[in-house]
Amino acid sequence: MAPLRTLAALAFSVGAVSGFAPSTPSTLRNTVAPVRSETNLNVFNDAMAEWEAEYPQFAKWGWGPSVHAEKWNGRHAMFGWVLICATAYAKGHNLIPDADVPLDLKEWGTLATISGKNTITHERAIILIANVHAFMVGLAATICPAPFSDPLLLDPNQGAAYERAVNTKPYGVIPEMKTGLTEEAEIMNGRMAMMGLITVISTSFLTGKPILDVVNEWVGGLYY
């Protein structure tokens, strides 16, 4: 059963691979124009135009409704699913020591408290640190982006890269299905990851079950 659980965990992680792929070389971007879906609503275009008109100081950095923001939101959602699946796998295989044991208040102080003197468990502490790590990675992508990746915030001083990003057209409601490490695949994976997070959080709230238990039920108890 352990190999099956491993394969299931890997299968859930595949969808997030494209979120951390290098950006497409500028030469390829300039020569191959992505084909957008014919199914397109004007709602997103209107929202982008209104936001840019009302808040130009934010729009120039890629904030607000934009293709750039959608891409990065999708990447964070995909990373979130990788973390959720990895945590469920670790929980099912007892890889987190004393997962359900609360942190010692005398040792950790108020940093580990929820309310009053109640502290978070070891499992939640590890998940929290992983999220802090993801936040710091995003912060590093903003302050000092790598030359092979997209920056989190757009910089008007980037020249051609900035113009290409701000002039990217929306992909429509249903982008063209292009497999592999393509922008269309990344957008679709990101949208499915975001919708998945909304669904699992809503299910957890309505049923009163932890998110990991909900995900484990969805995969037929493969994790634990």
# chains A, B, ... in the order shown; residues from 1 in each chain; ligands from 1

$ closest_atom_pairs --of "segment 126-212 of chain A" --to "segment 89-102 of chain A" --cutoff "12 Å" --atoms "only C-alpha atoms" --output "JSON lines"
{"residue": "A:Ile126", "atom": "CA", "partner": "A:Ile96", "partner_atom": "CA", "distance": 8.3}
{"residue": "A:Ile127", "atom": "CA", "partner": "A:Ile96", "partner_atom": "CA", "distance": 10.4}
{"residue": "A:Leu212", "atom": "CA", "partner": "A:Lys91", "partner_atom": "CA", "distance": 9.0}

$ write_last_selection --atoms "C-alpha atoms" --output "PDB file, in the first residue's frame"
ATOM      1  CA  ILE A 126       5.875  22.580  10.721  1.00  0.00           C
ATOM      2  CA  ILE A 127       3.163  23.618   8.266  1.00  0.00           C
ATOM      3  CA  LEU A 212      -6.057  17.050   5.517  1.00  0.00           C
TER       4      LEU A 212
END

$ closest_atom_pairs --of "segment 82-151 of chain A" --to "segment 197-202 of chain A" --cutoff "12 Å" --atoms "only C-alpha atoms" --output "Markdown table"
| residue | atom | partner | partner_atom | distance |
| --- | --- | --- | --- | --- |
| A:Val82 | CA | A:Leu197 | CA | 11.5 |
| A:Leu83 | CA | A:Leu197 | CA | 11.9 |
| A:Ile84 | CA | A:Leu197 | CA | 10.0 |

$ residues_around --residues "Trp218 of chain A" --least-positions-apart "2" --cutoff "12 Å" --atoms "only C-alpha atoms" --output "JSON, numbers by chain"
{"A": [8, 12, 85, 196, 199, 200, 203, 204, 211, 212, 213, 214, 215, 216, 220, 221, 222, 223, 224]}

$ closest_atom_pairs --of "segment 146-213 of chain A" --to "segment 72-81 of chain A" --cutoff "7 Å" --atoms "only C-alpha atoms" --output "tab-separated table"
residue	atom	partner	partner_atom	distance
A:Ile187	CA	A:Gly74	CA	7.0
A:Gly190	CA	A:Gly74	CA	3.6
A:Arg191	CA	A:Gly74	CA	5.9
A:Ala193	CA	A:Ala77	CA	5.4
A:Met194	CA	A:Ala77	CA	5.4

$ write_last_selection --atoms "all heavy atoms" --output "PDB file, in the first residue's frame"
ATOM      1  N   ILE A 187      -1.590  28.386 -16.799  1.00  0.00           N
ATOM      2  CA  ILE A 187      -2.815  29.105 -16.438  1.00  0.00           C
ATOM      3  C   ILE A 187      -3.910  28.129 -16.032  1.00  0.00           C
ATOM      4  O   ILE A 187      -4.599  28.320 -15.013  1.00  0.00           O
ATOM      5  CB  ILE A 187      -3.277  29.990 -17.611  1.00  0.00           C
ATOM      6  CG1 ILE A 187      -2.335  31.179 -17.792  1.00  0.00           C
ATOM      7  CG2 ILE A 187      -4.708  30.479 -17.377  1.00  0.00           C
ATOM      8  CD1 ILE A 187      -2.347  32.169 -16.648  1.00  0.00           C
ATOM      9  N   GLY A 190      -3.061  26.511 -12.711  1.00  0.00           N
ATOM     10  CA  GLY A 190      -3.246  27.478 -11.633  1.00  0.00           C
ATOM     11  C   GLY A 190      -4.711  27.709 -11.305  1.00  0.00           C
ATOM     12  O   GLY A 190      -5.094  27.789 -10.135  1.00  0.00           O
ATOM     13  N   ARG A 191      -5.551  27.794 -12.346  1.00  0.00           N
ATOM     14  CA  ARG A 191      -6.983  27.991 -12.107  1.00  0.00           C
ATOM     15  C   ARG A 191      -7.588  26.787 -11.386  1.00  0.00           C
ATOM     16  O   ARG A 191      -8.383  26.946 -10.453  1.00  0.00           O
ATOM     17  CB  ARG A 191      -7.699  28.228 -13.431  1.00  0.00           C
ATOM     18  CG  ARG A 191      -7.391  29.578 -14.067  1.00  0.00           C
ATOM     19  CD  ARG A 191      -8.095  29.740 -15.398  1.00  0.00           C
ATOM     20  NE  ARG A 191      -7.818  31.041 -16.001  1.00  0.00           N
ATOM     21  CZ  ARG A 191      -8.311  31.434 -17.174  1.00  0.00           C
ATOM     22  NH1 ARG A 191      -9.093  30.621 -17.871  1.00  0.00           N
ATOM     23  NH2 ARG A 191      -8.005  32.630 -17.650  1.00  0.00           N
ATOM     24  N   ALA A 193      -6.012  24.718  -9.464  1.00  0.00           N
ATOM     25  CA  ALA A 193      -5.488  24.700  -8.099  1.00  0.00           C
ATOM     26  C   ALA A 193      -6.226  25.699  -7.219  1.00  0.00           C
ATOM     27  O   ALA A 193      -6.564  25.395  -6.061  1.00  0.00           O
ATOM     28  CB  ALA A 193      -3.995  25.006  -8.115  1.00  0.00           C
ATOM     29  N   MET A 194      -6.507  26.892  -7.738  1.00  0.00           N
ATOM     30  CA  MET A 194      -7.226  27.903  -6.967  1.00  0.00           C
ATOM     31  C   MET A 194      -8.649  27.451  -6.669  1.00  0.00           C
ATOM     32  O   MET A 194      -9.144  27.599  -5.538  1.00  0.00           O
ATOM     33  CB  MET A 194      -7.212  29.242  -7.711  1.00  0.00           C
ATOM     34  CG  MET A 194      -5.857  29.932  -7.719  1.00  0.00           C
ATOM     35  SD  MET A 194      -5.865  31.589  -8.446  1.00  0.00           S
ATOM     36  CE  MET A 194      -5.952  31.202 -10.207  1.00  0.00           C
TER      37      MET A 194
END

$ atom_distance --atom1 "atom CA of Val137 of chain A" --atom2 "atom CA of Gly159 of chain A"
24.2 Å

$ select_by_dssp --residues "segment 62-222 of chain A" --states "strand (DSSP E)" --output "list in words"
Thr113, Ile114, Ser115, Asn118 and Thr119 of chain A

$ write_last_selection --atoms "C-alpha atoms" --output "PDB file, in the first residue's frame"
ATOM      1  CA  THR A 113      -0.173  30.181  21.348  1.00  0.00           C
ATOM      2  CA  ILE A 114      -3.571  30.165  19.669  1.00  0.00           C
ATOM      3  CA  SER A 115      -5.556  31.815  22.433  1.00  0.00           C
ATOM      4  CA  ASN A 118      -3.413  26.855  24.218  1.00  0.00           C
ATOM      5  CA  THR A 119      -0.544  26.186  21.800  1.00  0.00           C
TER       6      THR A 119
END

$ closest_residue --among "A:Ala88, A:Ala47, A:Met188, A:Val67" --to "Ala165 of chain A" --atoms "only C-alpha atoms"
A:Val67

$ atom_distance --atom1 "atom CA of Asp104 of chain A" --atom2 "atom CA of Phe205 of chain A"
28.0 Å

$ atom_distance --atom1 "atom CA of Ala86 of chain A" --atom2 "atom CA of Leu153 of chain A"
28.5 Å

$ residues_around --residues "Glu184 of chain A" --least-positions-apart "3" --cutoff "10 Å" --atoms "only C-alpha atoms" --output "list of chain:residue names"
A:Pro34, A:Val35, A:Arg36, A:Tyr171, A:Ile174, A:Pro175, A:Glu176, A:Met177, A:Lys178, A:Thr179, A:Gly180, A:Leu181, A:Ile187, A:Met188, A:Asn189, A:Gly190
